[in-house]
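File shown here: my_file.csv, holding CSV, C-alpha atoms.
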chain,number,residue,atom,x,y,z
A,26,MET,CA,101.2,-4.5,-32.0
A,27,ASN,CA,104.2,-5.9,-33.9
A,28,SER,CA,105.6,-4.0,-36.9
A,29,ILE,CA,106.3,-4.9,-40.5
A,30,TYR,CA,109.8,-4.7,-42.0
A,31,LEU,CA,110.3,-4.2,-45.7
A,32,VAL,CA,113.9,-5.3,-46.6
A,33,ASP,CA,114.7,-4.5,-50.2
A,34,ASP,CA,117.6,-2.5,-51.6
A,35,GLN,CA,115.3,-0.8,-54.0
A,36,PRO,CA,113.3,2.0,-52.2
A,37,ILE,CA,110.7,2.0,-55.0
A,38,THR,CA,109.9,-1.6,-54.3
A,39,ASN,CA,109.5,-0.8,-50.6
A,40,PHE,CA,107.3,2.1,-51.6
A,41,ILE,CA,105.1,-0.2,-53.7
A,42,THR,CA,104.8,-2.8,-50.9
A,43,ARG,CA,104.0,-0.2,-48.4
A,44,LYS,CA,101.3,1.4,-50.5
A,45,LEU,CA,99.7,-2.0,-51.2
A,46,LEU,CA,99.7,-2.9,-47.5
A,47,GLU,CA,98.2,0.5,-46.6
A,48,VAL,CA,95.5,0.2,-49.2
A,49,GLU,CA,94.6,-3.2,-47.8
A,50,GLY,CA,94.0,-1.6,-44.5
A,51,ILE,CA,97.1,-2.7,-42.7
A,52,THR,CA,97.6,-0.2,-39.9
A,53,THR,CA,100.7,-1.8,-38.4
A,54,LYS,CA,103.8,0.3,-38.3
A,55,ILE,CA,105.9,-0.3,-41.4
A,56,LYS,CA,109.7,0.2,-41.5
A,57,GLU,CA,111.6,0.2,-44.7
A,58,PHE,CA,115.2,-1.0,-45.0
A,59,THR,CA,117.4,-0.7,-48.1
A,60,ASN,CA,120.3,-2.3,-46.2
A,61,PRO,CA,119.5,-5.7,-44.6
A,62,LEU,CA,122.4,-5.4,-42.2
A,63,ILE,CA,120.6,-2.5,-40.5
A,64,ALA,CA,117.4,-4.5,-40.4
A,65,LEU,CA,119.3,-7.3,-38.6
A,66,GLU,CA,120.8,-4.9,-36.1
A,67,GLU,CA,117.3,-3.5,-35.2
A,68,LEU,CA,116.0,-7.1,-35.0
A,69,GLU,CA,118.6,-7.9,-32.3
A,70,GLU,CA,117.5,-5.1,-30.2
A,71,LEU,CA,113.9,-6.1,-30.2
A,72,GLU,CA,112.4,-8.2,-27.5
A,73,GLU,CA,111.5,-11.8,-28.5
A,74,ASP,CA,107.7,-11.5,-28.5
A,75,SER,CA,107.8,-8.3,-30.5
A,76,ASP,CA,109.2,-9.9,-33.7
A,77,PRO,CA,108.2,-8.0,-36.8
A,78,PHE,CA,106.7,-9.5,-39.9
A,79,ILE,CA,109.4,-9.3,-42.6
A,80,PHE,CA,109.2,-8.9,-46.4
A,81,LEU,CA,112.6,-10.0,-47.6
A,82,ASP,CA,114.2,-9.5,-51.0
A,83,LEU,CA,116.9,-12.1,-52.1
A,84,ASN,CA,119.3,-10.1,-54.3
A,85,MET,CA,120.8,-7.3,-52.3
A,86,PRO,CA,124.4,-5.9,-52.6
A,87,GLU,CA,125.3,-5.7,-48.8
A,88,MET,CA,123.8,-9.0,-47.9
A,89,THR,CA,121.7,-11.5,-49.8
A,90,GLY,CA,118.3,-12.7,-48.5
A,91,TRP,CA,119.9,-16.1,-47.9
A,92,GLU,CA,122.6,-14.7,-45.7
A,93,PHE,CA,120.0,-12.7,-43.8
A,94,LEU,CA,118.1,-15.9,-43.1
A,95,ASP,CA,121.3,-17.8,-42.1
A,96,SER,CA,122.2,-15.0,-39.8
A,97,LEU,CA,118.8,-15.2,-38.0
A,98,LYS,CA,119.1,-19.0,-37.9
A,99,SER,CA,122.5,-18.9,-36.2
A,100,LYS,CA,120.9,-16.7,-33.5
A,101,ASN,CA,117.9,-19.1,-33.2
A,102,HIS,CA,115.8,-16.1,-34.2
A,103,TYR,CA,112.7,-17.1,-36.2
A,104,PRO,CA,110.4,-14.2,-37.1
A,105,LYS,CA,107.8,-14.8,-39.8
A,106,ILE,CA,109.3,-14.0,-43.2
A,107,VAL,CA,107.8,-13.6,-46.7
A,108,ILE,CA,110.3,-13.7,-49.5
A,109,LEU,CA,109.5,-11.1,-52.1
A,110,THR,CA,111.8,-11.5,-55.1
A,111,SER,CA,111.9,-10.9,-58.8
A,112,SER,CA,113.8,-14.2,-59.3
A,113,THR,CA,111.8,-16.8,-61.2
A,114,SER,CA,114.4,-19.5,-60.5
A,115,GLU,CA,113.1,-22.8,-59.3
A,116,LEU,CA,116.3,-23.3,-57.4
A,117,ASP,CA,115.5,-20.2,-55.2
A,118,LEU,CA,112.0,-21.5,-54.6
A,119,MET,CA,113.4,-24.9,-53.5
A,120,LYS,CA,116.0,-23.3,-51.3
A,121,ALA,CA,113.4,-21.2,-49.5
A,122,LYS,CA,111.7,-24.4,-48.4
A,123,ASP,CA,114.8,-25.2,-46.2
A,124,TYR,CA,113.9,-22.3,-44.0
A,125,PRO,CA,110.9,-23.0,-41.7
A,126,CYS,CA,110.4,-19.3,-40.8
A,127,VAL,CA,109.7,-18.5,-44.5
A,128,ILE,CA,105.9,-18.7,-44.6
A,129,ASP,CA,105.5,-17.6,-48.2
A,130,TYR,CA,107.5,-17.0,-51.4
A,131,ILE,CA,106.1,-14.2,-53.7
A,132,ILE,CA,107.4,-13.4,-57.1
A,133,LYS,CA,107.3,-9.7,-57.9
A,134,PRO,CA,105.4,-7.6,-58.7
A,135,PHE,CA,103.5,-7.8,-55.4
A,136,SER,CA,99.8,-7.4,-56.1
A,137,LYS,CA,96.4,-7.2,-54.4
A,138,LEU,CA,95.7,-10.7,-55.4
A,139,LYS,CA,98.9,-12.0,-53.9
A,140,PHE,CA,98.2,-10.0,-50.8
A,141,SER,CA,94.9,-11.8,-50.1
A,142,LYS,CA,96.8,-15.1,-49.6
A,143,LEU,CA,98.9,-13.4,-47.0
A,144,ALA,CA,96.1,-11.6,-45.3
A,145,THR,CA,95.5,-14.2,-42.5
A,146,HIS,CA,99.1,-14.1,-41.5
A,147,LEU,CA,99.2,-10.3,-41.5
A,148,LYS,CA,96.0,-10.0,-39.6
A,149,THR,CA,97.3,-12.3,-36.8
A,150,ALA,CA,100.6,-10.4,-36.8
A,151,SER,CA,98.8,-7.1,-36.3
B,143,MET,CA,186.5,-122.6,-90.5
B,144,ALA,CA,184.2,-121.7,-93.4
B,145,SER,CA,184.3,-118.2,-94.6
B,146,ILE,CA,181.2,-116.2,-93.6
B,147,THR,CA,180.8,-114.8,-97.1
B,148,LYS,CA,180.0,-118.3,-98.3
B,149,ASN,CA,177.3,-118.9,-95.7
B,150,THR,CA,174.5,-117.1,-97.4
B,151,SER,CA,171.7,-117.5,-94.8
B,152,GLN,CA,174.0,-116.4,-92.0
B,153,LEU,CA,175.1,-113.4,-94.1
B,154,TYR,CA,171.5,-112.4,-94.7
B,155,ARG,CA,170.8,-112.7,-91.0
B,156,ILE,CA,173.7,-110.5,-90.1
B,157,THR,CA,172.7,-107.9,-92.7
B,158,TYR,CA,169.1,-108.0,-91.5
B,159,GLU,CA,170.3,-107.5,-88.0
B,160,ALA,CA,172.5,-104.6,-89.0
B,161,TYR,CA,169.7,-103.0,-91.0
B,162,SER,CA,167.1,-103.3,-88.2
B,163,LYS,CA,169.6,-101.7,-85.7
B,164,PHE,CA,170.1,-98.9,-88.2
B,165,ALA,CA,166.4,-98.5,-88.9
B,166,ASN,CA,165.4,-98.6,-85.2
B,167,ASN,CA,168.0,-96.0,-84.3
B,168,ILE,CA,167.1,-93.7,-87.2
B,169,SER,CA,163.4,-93.9,-86.2
B,170,ARG,CA,164.3,-92.7,-82.8
B,171,CYS,CA,166.1,-89.6,-84.1
B,172,SER,CA,164.6,-86.2,-83.7
B,173,SER,CA,167.3,-84.1,-85.4
B,174,LEU,CA,169.6,-84.2,-88.4
B,175,LYS,CA,172.5,-84.3,-86.0
B,176,GLU,CA,171.2,-87.5,-84.4
B,177,VAL,CA,170.6,-89.0,-87.9
B,178,GLY,CA,174.2,-88.1,-88.7
B,179,GLU,CA,175.4,-89.8,-85.6
B,180,VAL,CA,173.4,-93.0,-86.3
B,181,SER,CA,174.6,-93.1,-89.9
B,182,ARG,CA,178.2,-92.6,-88.8
B,183,THR,CA,178.1,-95.6,-86.5
B,184,HIS,CA,175.7,-98.0,-88.3
B,185,LEU,CA,175.7,-97.4,-92.1
B,186,LYS,CA,179.2,-98.9,-92.6
B,187,TYR,CA,177.8,-102.3,-91.5
B,188,LEU,CA,175.3,-102.2,-94.3
B,189,LEU,CA,177.3,-100.7,-97.2
B,190,ASN,CA,180.8,-100.2,-98.4
B,191,PHE,CA,181.5,-96.6,-99.4
B,192,HIS,CA,184.0,-93.8,-99.2
B,193,ILE,CA,181.4,-91.1,-99.6
B,194,ILE,CA,177.7,-91.4,-99.6
B,195,ARG,CA,175.6,-88.3,-100.4
B,196,ILE,CA,171.9,-87.9,-100.5
B,197,THR,CA,169.9,-84.9,-101.8
B,198,ILE,CA,166.2,-84.7,-101.0
B,199,GLN,CA,163.9,-82.1,-102.5
B,200,GLN,CA,162.1,-80.2,-99.8
B,201,GLY,CA,159.8,-77.4,-101.1
B,202,ASP,CA,162.0,-75.2,-103.3
B,203,LYS,CA,165.2,-76.3,-101.5
B,204,TYR,CA,167.3,-79.4,-101.3
B,205,LEU,CA,168.4,-81.2,-98.2
B,206,PHE,CA,172.0,-82.3,-98.5
B,207,PHE,CA,173.3,-85.1,-96.4
B,208,SER,CA,176.7,-86.6,-96.8
B,209,LEU,CA,178.8,-89.1,-94.9
B,210,THR,CA,182.6,-89.4,-95.6
B,211,GLY,CA,184.2,-91.9,-93.3
B,212,ASN,CA,183.4,-90.5,-89.9
B,213,GLN,CA,182.6,-87.0,-91.2
B,214,VAL,CA,178.9,-86.1,-91.4
B,215,GLU,CA,177.6,-83.0,-93.2
B,216,TYR,CA,174.0,-81.8,-93.7
B,217,ASP,CA,172.4,-78.6,-94.8
B,218,LEU,CA,169.3,-77.2,-96.5
B,219,LYS,CA,170.4,-75.3,-99.6
B,220,GLU,CA,169.3,-73.8,-102.9
B,221,GLU,CA,169.1,-75.9,-106.0
B,222,THR,CA,172.3,-74.3,-107.3
B,223,GLN,CA,174.3,-76.3,-104.7
B,224,ILE,CA,173.6,-79.6,-106.5
B,225,LEU,CA,176.5,-81.3,-108.4
B,226,ASP,CA,176.6,-81.8,-112.2
B,227,HIS,CA,175.9,-85.6,-112.0
B,228,GLU,CA,173.0,-85.0,-109.7
B,229,LYS,CA,171.5,-82.6,-112.2
B,230,GLU,CA,171.8,-85.3,-114.8
B,231,LEU,CA,170.1,-87.8,-112.4
B,232,LEU,CA,167.3,-85.3,-111.7
B,233,GLU,CA,166.8,-84.7,-115.5
B,234,ASN,CA,167.2,-88.3,-116.8
B,235,GLU,CA,166.1,-90.2,-113.8
B,236,ILE,CA,168.5,-93.0,-114.9
B,237,PRO,CA,171.0,-94.6,-112.5
B,238,ILE,CA,174.7,-93.8,-113.1
B,239,LEU,CA,177.8,-96.0,-112.8
B,240,THR,CA,180.9,-94.3,-114.0
B,241,LYS,CA,184.7,-94.1,-113.5
B,242,ASN,CA,184.3,-90.4,-114.2
B,243,ILE,CA,184.7,-88.9,-110.7
B,244,PRO,CA,184.0,-85.2,-110.0
B,245,GLU,CA,187.5,-84.4,-108.8
B,246,THR,CA,186.7,-81.0,-107.2
B,247,TRP,CA,183.9,-82.4,-105.0
B,248,ILE,CA,185.9,-85.5,-104.1
B,249,ASN,CA,188.9,-83.5,-103.1
B,250,GLU,CA,186.8,-81.3,-100.8
B,251,ASN,CA,186.1,-84.5,-98.9
B,252,ILE,CA,188.9,-87.0,-99.2
B,253,ASN,CA,192.3,-87.4,-100.9
B,254,SER,CA,191.4,-88.9,-104.3
B,255,GLU,CA,194.8,-90.4,-104.6
B,256,THR,CA,194.0,-92.9,-101.9
B,257,LEU,CA,191.2,-94.3,-104.0
B,258,VAL,CA,191.9,-97.4,-106.1
B,259,ASN,CA,189.9,-97.6,-109.3
B,260,PRO,CA,187.0,-95.6,-107.8
B,261,ASN,CA,183.4,-95.8,-109.1
B,262,LEU,CA,180.7,-93.3,-108.8
B,263,TRP,CA,177.2,-94.8,-108.3
B,264,GLY,CA,174.2,-92.5,-108.7
B,265,TRP,CA,170.5,-93.2,-108.3
B,266,PHE,CA,167.4,-91.3,-108.7
B,267,PHE,CA,164.3,-92.0,-106.6
B,268,LYS,CA,160.9,-90.4,-106.4
B,269,LYS,CA,159.4,-90.8,-102.9
B,270,ASN,CA,156.1,-89.2,-102.1
B,271,ASN,CA,156.6,-86.8,-105.0
B,272,ARG,CA,159.9,-85.7,-103.6
B,273,LYS,CA,163.0,-86.1,-105.8
B,274,VAL,CA,165.8,-88.0,-104.1
B,275,THR,CA,169.4,-88.5,-105.5
B,276,VAL,CA,171.9,-90.8,-103.9
B,277,THR,CA,175.6,-90.7,-104.8
B,278,LEU,CA,178.1,-93.3,-103.6
B,279,ILE,CA,181.8,-93.4,-104.1
B,280,ALA,CA,183.3,-96.9,-103.8
B,281,ASP,CA,186.7,-98.4,-104.9
B,282,GLU,CA,188.5,-101.8,-104.7
B,283,ASN,CA,189.2,-101.3,-101.0
B,284,LYS,CA,185.6,-100.6,-100.3
B,285,PRO,CA,183.7,-102.4,-103.0
B,286,PHE,CA,180.1,-101.8,-103.8
B,287,ASN,CA,178.1,-104.3,-105.9
B,288,THR,CA,174.8,-104.4,-107.7
B,289,GLY,CA,173.7,-106.8,-105.0
B,290,ASP,CA,174.1,-104.1,-102.4
B,291,VAL,CA,171.5,-101.9,-104.2
B,292,ASP,CA,168.5,-103.4,-102.3
B,293,ILE,CA,170.0,-102.7,-98.9
B,294,LEU,CA,170.9,-99.2,-100.1
B,295,LYS,CA,167.3,-98.6,-101.2
B,296,LEU,CA,166.1,-99.7,-97.8
B,297,ALA,CA,168.5,-97.3,-96.1
B,298,VAL,CA,167.5,-94.5,-98.4
B,299,ASP,CA,163.8,-95.1,-97.6
B,300,CYS,CA,164.7,-94.9,-93.9
B,301,PHE,CA,166.6,-91.7,-94.4
B,302,GLU,CA,164.0,-90.1,-96.6
B,303,ALA,CA,161.1,-90.8,-94.2
B,304,LYS,CA,163.1,-89.4,-91.3
B,305,PHE,CA,164.3,-86.4,-93.1
B,306,HIS,CA,160.8,-85.5,-94.2
B,307,GLU,CA,159.6,-86.0,-90.6
B,308,ILE,CA,162.3,-83.6,-89.3
B,309,TYR,CA,161.5,-81.1,-92.1
B,310,LEU,CA,157.8,-81.1,-91.2
B,311,ALA,CA,158.6,-80.8,-87.5
B,312,ARG,CA,160.8,-77.8,-88.4
B,313,GLN,CA,158.1,-76.2,-90.5
B,314,LEU,CA,155.6,-76.8,-87.7
B,315,ASP,CA,158.0,-75.3,-85.2
B,316,ARG,CA,158.5,-72.2,-87.5
B,317,LYS,CA,154.8,-71.8,-87.9
B,318,ASN,CA,154.3,-72.1,-84.2
B,319,LYS,CA,156.9,-69.4,-83.7
B,320,SER,CA,155.3,-67.1,-86.1
B,321,LEU,CA,151.9,-67.8,-84.5
B,322,THR,CA,153.4,-67.0,-81.1
B,323,GLU,CA,154.9,-63.8,-82.6
B,324,ALA,CA,151.5,-62.9,-84.2
B,325,LEU,CA,149.8,-63.6,-80.9
B,326,LYS,CA,152.3,-61.3,-79.1
B,327,THR,CA,151.8,-58.6,-81.8
B,328,ILE,CA,148.0,-58.9,-81.3
B,329,GLN,CA,148.4,-58.6,-77.5
B,330,ASP,CA,150.7,-55.6,-77.9
B,331,LYS,CA,148.2,-53.9,-80.2
B,332,ASN,CA,145.4,-54.9,-77.8
B,333,ASP,CA,147.3,-53.2,-75.0
B,334,GLN,CA,147.8,-50.1,-77.2
B,335,ILE,CA,144.1,-50.0,-78.0
B,336,LEU,CA,143.2,-50.4,-74.3
B,337,LYS,CA,145.5,-47.5,-73.5
B,338,ILE,CA,143.9,-45.4,-76.3
B,339,VAL,CA,140.5,-46.3,-75.0
B,340,GLU,CA,141.4,-45.4,-71.5
B,341,ASN,CA,142.9,-42.1,-72.7
B,342,GLN,CA,139.7,-41.5,-74.7
B,343,GLN,CA,137.6,-42.1,-71.6
B,344,GLU,CA,139.7,-39.6,-69.7
B,345,ILE,CA,139.3,-37.1,-72.5
B,346,ILE,CA,135.6,-37.7,-72.6
B,347,GLU,CA,135.3,-37.3,-68.8
B,348,ASP,CA,137.3,-34.1,-69.0
B,349,ARG,CA,135.2,-32.8,-71.9
B,350,THR,CA,132.0,-33.8,-70.1
B,351,LYS,CA,133.2,-31.9,-67.0
B,352,GLU,CA,133.9,-28.9,-69.1
B,353,ILE,CA,130.5,-29.1,-70.7
B,354,VAL,CA,128.8,-29.5,-67.3
B,355,ALA,CA,130.7,-26.4,-66.0
B,356,LYS,CA,129.8,-24.4,-69.1
B,357,ASN,CA,126.2,-25.4,-68.8
B,358,LYS,CA,126.2,-24.3,-65.2
B,359,LYS,CA,127.7,-21.0,-66.2
B,360,LEU,CA,125.1,-20.6,-68.9
B,361,LEU,CA,122.3,-21.4,-66.5
B,362,HIS,CA,123.7,-19.0,-64.0
B,363,ILE,CA,123.9,-16.3,-66.7
B,364,SER,CA,120.4,-17.0,-67.8
B,365,ALA,CA,119.1,-16.9,-64.2
B,366,LEU,CA,121.0,-13.7,-63.4
B,367,ASN,CA,119.8,-12.1,-66.6
B,368,ALA,CA,116.2,-13.1,-65.9
B,369,HIS,CA,116.5,-11.7,-62.4
B,370,ASN,CA,118.2,-8.5,-63.4
B,371,VAL,CA,115.8,-7.7,-66.1
B,372,ARG,CA,112.7,-8.7,-64.0
B,373,GLU,CA,113.7,-6.5,-61.1
B,374,PRO,CA,113.0,-3.1,-62.6
B,375,LEU,CA,110.2,-4.6,-64.7
B,376,SER,CA,108.5,-5.8,-61.5
B,377,ARG,CA,108.8,-2.3,-60.1
B,378,ILE,CA,107.1,-0.8,-63.2
B,379,GLN,CA,104.3,-3.4,-63.0
B,380,GLY,CA,103.9,-2.7,-59.3
B,381,LEU,CA,103.8,1.0,-59.8
B,382,ILE,CA,101.2,0.6,-62.6
B,383,GLN,CA,99.0,-1.2,-60.0
B,384,LEU,CA,99.1,1.8,-57.8
B,385,PHE,CA,97.5,4.1,-60.5
B,386,ASP,CA,94.0,3.2,-59.2
B,387,LEU,CA,94.9,4.0,-55.7
B,388,PHE,CA,96.2,7.5,-56.2
B,389,ASP,CA,94.7,10.7,-57.5
B,390,ASP,CA,96.2,12.4,-60.6
B,391,GLN,CA,98.2,14.9,-58.5
B,392,GLN,CA,99.8,12.1,-56.4
B,393,ILE,CA,100.5,10.0,-59.5
B,394,ARG,CA,102.2,12.8,-61.2
B,395,GLN,CA,104.3,13.7,-58.2
B,396,GLU,CA,105.0,10.3,-56.6
B,397,VAL,CA,104.5,7.5,-59.1
B,398,ILE,CA,105.5,8.9,-62.5
B,399,PRO,CA,109.1,9.9,-61.4
B,400,LYS,CA,109.5,6.4,-60.0
B,401,LEU,CA,108.2,4.8,-63.2
B,402,GLU,CA,110.7,6.9,-65.2
B,403,LYS,CA,113.5,6.0,-62.9
B,404,SER,CA,112.6,2.3,-63.1
B,405,ALA,CA,112.2,2.3,-66.8
B,406,GLU,CA,115.6,4.0,-67.2
B,407,GLU,CA,117.2,1.4,-64.9
B,408,MET,CA,115.6,-1.4,-66.9
B,409,ASP,CA,117.0,0.0,-70.1
B,410,GLN,CA,120.4,0.2,-68.5
B,411,VAL,CA,120.1,-3.4,-67.2
B,412,LEU,CA,119.0,-4.6,-70.6
B,413,GLN,CA,122.0,-3.1,-72.3
B,414,GLU,CA,124.3,-4.6,-69.7
B,415,VAL,CA,122.7,-8.0,-69.9
B,416,ILE,CA,122.9,-8.0,-73.7
B,417,SER,CA,126.5,-7.0,-73.8
B,418,MET,CA,127.5,-9.3,-71.0
B,419,ALA,CA,125.6,-12.2,-72.6
B,420,THR,CA,127.3,-11.5,-75.9
B,421,ASN,CA,130.7,-11.4,-74.3
B,422,GLU,CA,130.2,-14.5,-72.2
B,423,LEU,CA,128.8,-16.5,-75.0
B,424,SER,CA,131.6,-15.6,-77.3
B,425,GLU,CA,134.1,-16.4,-74.5
B,426,LEU,CA,132.5,-19.8,-74.0
B,427,LYS,CA,132.6,-20.4,-77.8
B,428,ALA,CA,136.2,-19.3,-78.0
B,429,GLU,CA,137.3,-21.9,-75.6
B,430,LYS,CA,138.5,-25.0,-77.5
B,431,LEU,CA,136.0,-27.7,-77.9

Would you put the structure from the file into structure tokens?
Amino acid sequence: MNSIYLVDDQPITNFITRKLLEVEGITTKIKEFTNPLIALEELEELEEDSDPFIFLDLNMPEMTGWEFLDSLKSKNHYPKIVILTSSTSELDLMKAKDYPCVIDYIIKPFSKLKFSKLATHLKTAS
Amino acid sequence: MASITKNTSQLYRITYEAYSKFANNISRCSSLKEVGEVSRTHLKYLLNFHIIRITIQQGDKYLFFSLTGNQVEYDLKEETQILDHEKELLENEIPILTKNIPETWINENINSETLVNPNLWGWFFKKNNRKVTVTLIADENKPFNTGDVDILKLAVDCFEAKFHEIYLARQLDRKNKSLTEALKTIQDKNDQILKIVENQQEIIEDRTKEIVAKNKKLLHISALNAHNVREPLSRIQGLIQLFDLFDDQQIRQEVIPKLEKSAEEMDQVLQEVISMATNELSELKAEKL
């Protein structure tokens, strides 16, 4: 059973996402990261077939979501990623389409309604 | 051997031949200098004279042409340059024949003491609305008679026509020159205008670049502001959703403190955004247009 990574510099956001996932019956192990660099380090140590499902914020002080994606790309590492951002910019949405491993783009706040669209992905991941 | 002066028909033929040579040569002239040269070599075969002087009105000026022996003078001058007897001719339009010689003028040209019983002949003609005076000084050594007036008139016709042609050519030349100058001025101005236009285009391009850069900056500010404000707001909205999922105890312990923290951060962000936007906007405004 693969895990779920929550990568957001705001612990409160990770808390909300975790609670929503739990309420929806996701039993997969959820790990929270407020620093994307640490998430990257842990990803490298994982075996290829145990890739986690990642919720990724875009605006983070240590490393932006884009840099996180580029770093994975440079290592030919493509876990399933959902961008979870408070940015409403069209430019960000367009840019996300350049990354094939990004399977969804969700504008915060994450909600039960938005979760239902994701459910199939999450069910297969777990 | 019969004197040639008694053979009238031969005399006419010779005079006619001399006149046609004179007229042909004059007609080929293209400058006053050439007219002077032809007069110097040919006029003496048509007429006897010590001095012959012609004035022709050209516009507001007079063309002066005088031939004294082998000395040719010509010029375009103001009316004040005309002689007293010429003024009289222009006013009265009546020919003059007088022993009263204008000494000053004569002495400027020849030694008056060499003249024997000199006469001054003066005529006024009006040719094509231009006033022409002819003055001729003759004496016993170079006699001029009434019978010579016809040939004199023919010669004057010839002169007048040529002088006017030269005058018109000069006018045309002057007008061409001023047209050429005007054309050059227009070209210069055109070049200047082109330069100004080029310069304007550069300025417009620079300004456009500036505006594009400013727009980008504004867009960036607006996107950043939207994001920064939305971030804590989205947390608040997310937390509110959790209310249904927790009991009161949990809400009070876990959710309310997070709400307070998020609301506080949102207030902070709002204040920052407002002051930053105000500063950035006033900076953008302050830059010269």

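CA of Phe286 (chain B) sits 16.9 Å away from CA of Ala160 (chain B).
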
Using only C-alpha atoms, find which residues of chain A lie within 8 Å of chain B and jot them down as a list in words.
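The answer, sorted by residue number, is Ile37, Thr38, Ile41, Lys44, Leu45, Val48, Ser111, Ser112, Thr113, Ser114, Lys133, Pro134, Phe135 and Ser136 of chain A.
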
Can you list, as a list in words, every protein, DNA or RNA residue that comes within 8 Å of region 210-222 of chain B when you count only C-alpha atoms, leaving out same-chain residues fewer than 6 positions away?
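Contacts, in chain order: Leu174, Gly178, Glu179, Arg182, His192, Ile193, Ile194, Asp202, Lys203, Tyr204, Asn251 and Ile252 of chain B.
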
Nearest to Tyr130 (chain A), chosen from A:Ser99, A:Thr110, A:Thr42, A:Thr145, with all atoms listed in the file counted in the distances
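Using all atoms listed in the file, Tyr130 (chain A) sits closest to A:Thr110.
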
For region 27-35 of chain A, find every residue with an atom within 7 Å (counting all atoms listed in the file), except residues of its own chain fewer than 5 positions away, and show them as a tab-separated table (two decimals) with C-alpha atoms, in the frame of the given file.
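Below you can see result14.tsv, which holds the result:
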chain	number	residue	atom	x	y	z
A	53	THR	CA	100.70	-1.80	-38.40
A	54	LYS	CA	103.80	0.30	-38.30
A	55	ILE	CA	105.90	-0.30	-41.40
A	56	LYS	CA	109.70	0.20	-41.50
A	57	GLU	CA	111.60	0.20	-44.70
A	58	PHE	CA	115.20	-1.00	-45.00
A	59	THR	CA	117.40	-0.70	-48.10
A	60	ASN	CA	120.30	-2.30	-46.20
A	61	PRO	CA	119.50	-5.70	-44.60
A	75	SER	CA	107.80	-8.30	-30.50
A	76	ASP	CA	109.20	-9.90	-33.70
A	77	PRO	CA	108.20	-8.00	-36.80
A	78	PHE	CA	106.70	-9.50	-39.90
A	79	ILE	CA	109.40	-9.30	-42.60
A	80	PHE	CA	109.20	-8.90	-46.40
A	81	LEU	CA	112.60	-10.00	-47.60
A	82	ASP	CA	114.20	-9.50	-51.00
A	85	MET	CA	120.80	-7.30	-52.30
A	150	ALA	CA	100.60	-10.40	-36.80
A	151	SER	CA	98.80	-7.10	-36.30

Which polymer residues, whether protein, DNA or RNA, lie within 9 Å of the coordinate (173.1, -99.6, -94.0) when you count only C-alpha atoms? List them as an MDAnalysis selection string, using the chain letters and numbers from the file.
chainID B and resid 157 160:161 164:165 181 184:190 293:294 296:298

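With only C-alpha atoms taken into account, every residue lying no more than 12 Å from the file point (98.1, -14.6, -51.6) is included here: Val107, Leu109, Ile128, Asp129, Tyr130, Ile131, Ile132, Phe135, Ser136, Lys137, Leu138, Lys139, Phe140, Ser141, Lys142, Leu143, Ala144, Thr145, His146 and Leu147 of chain A.
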
Between CA of Phe191 (chain B) and CA of Ser169 (chain B) - distance in Å to one decimal:
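Distance between the two atoms: 22.6 Å.
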
Against region 117-127 of chain A, which residues of region 33-101 of chain A fall within 10 Å? For each one I want the closest pair of atoms and the distance in Å (one decimal), counting all atoms listed in the file, rows by chain and increasing residue number, as a Markdown table.
| residue | atom | partner | partner_atom | distance |
| --- | --- | --- | --- | --- |
| A:Ile79 | CA | A:Val127 | CA | 9.4 |
| A:Phe80 | CA | A:Val127 | CA | 9.8 |
| A:Leu81 | CA | A:Val127 | CA | 9.5 |
| A:Leu83 | CA | A:Asp117 | CA | 8.8 |
| A:Gly90 | CA | A:Ala121 | CA | 9.9 |
| A:Trp91 | CA | A:Ala121 | CA | 8.4 |
| A:Leu94 | CA | A:Tyr124 | CA | 7.7 |
| A:Asp95 | CA | A:Tyr124 | CA | 8.9 |
| A:Leu97 | CA | A:Cys126 | CA | 9.8 |
| A:Lys98 | CA | A:Tyr124 | CA | 8.7 |

Do you know which residues are at most 10 Å from Ile224 (chain B) counting all atoms listed in the file, after dropping those on the same chain fewer than 4 positions away, and could you put them as a ChimeraX atom specification?
/B:197,204-206,219-220,228-229,232,275

May I have the selected residues written with C-alpha atoms, as a short mmCIF file (atom, residue, chain, number, x, y, z; two decimals), keeping the file's coordinate frame?
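Result file again.cif:
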data_model
loop_
_atom_site.label_atom_id
_atom_site.label_comp_id
_atom_site.auth_asym_id
_atom_site.auth_seq_id
_atom_site.Cartn_x
_atom_site.Cartn_y
_atom_site.Cartn_z
CA THR B 197 169.90 -84.90 -101.80
CA TYR B 204 167.30 -79.40 -101.30
CA LEU B 205 168.40 -81.20 -98.20
CA PHE B 206 172.00 -82.30 -98.50
CA LYS B 219 170.40 -75.30 -99.60
CA GLU B 220 169.30 -73.80 -102.90
CA GLU B 228 173.00 -85.00 -109.70
CA LYS B 229 171.50 -82.60 -112.20
CA LEU B 232 167.30 -85.30 -111.70
CA THR B 275 169.40 -88.50 -105.50
#

Minimum-distance residue to Glu282 (chain B), chosen among B:Lys295, B:Ile363, B:Pro260, B:Trp265 (using all atoms listed in the file):
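The shortest atom-to-atom distance to Glu282 (chain B) comes from B:Pro260.
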
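Taking CA of Arg195 (chain B) and CA of Leu278 (chain B) as endpoints, the distance between them is 6.4 Å.
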
For Phe93 (chain A), which residue among A:Leu116, A:Asp74, A:Leu62, A:Leu68 is the nearest when counting only C-alpha atoms?
A:Leu62
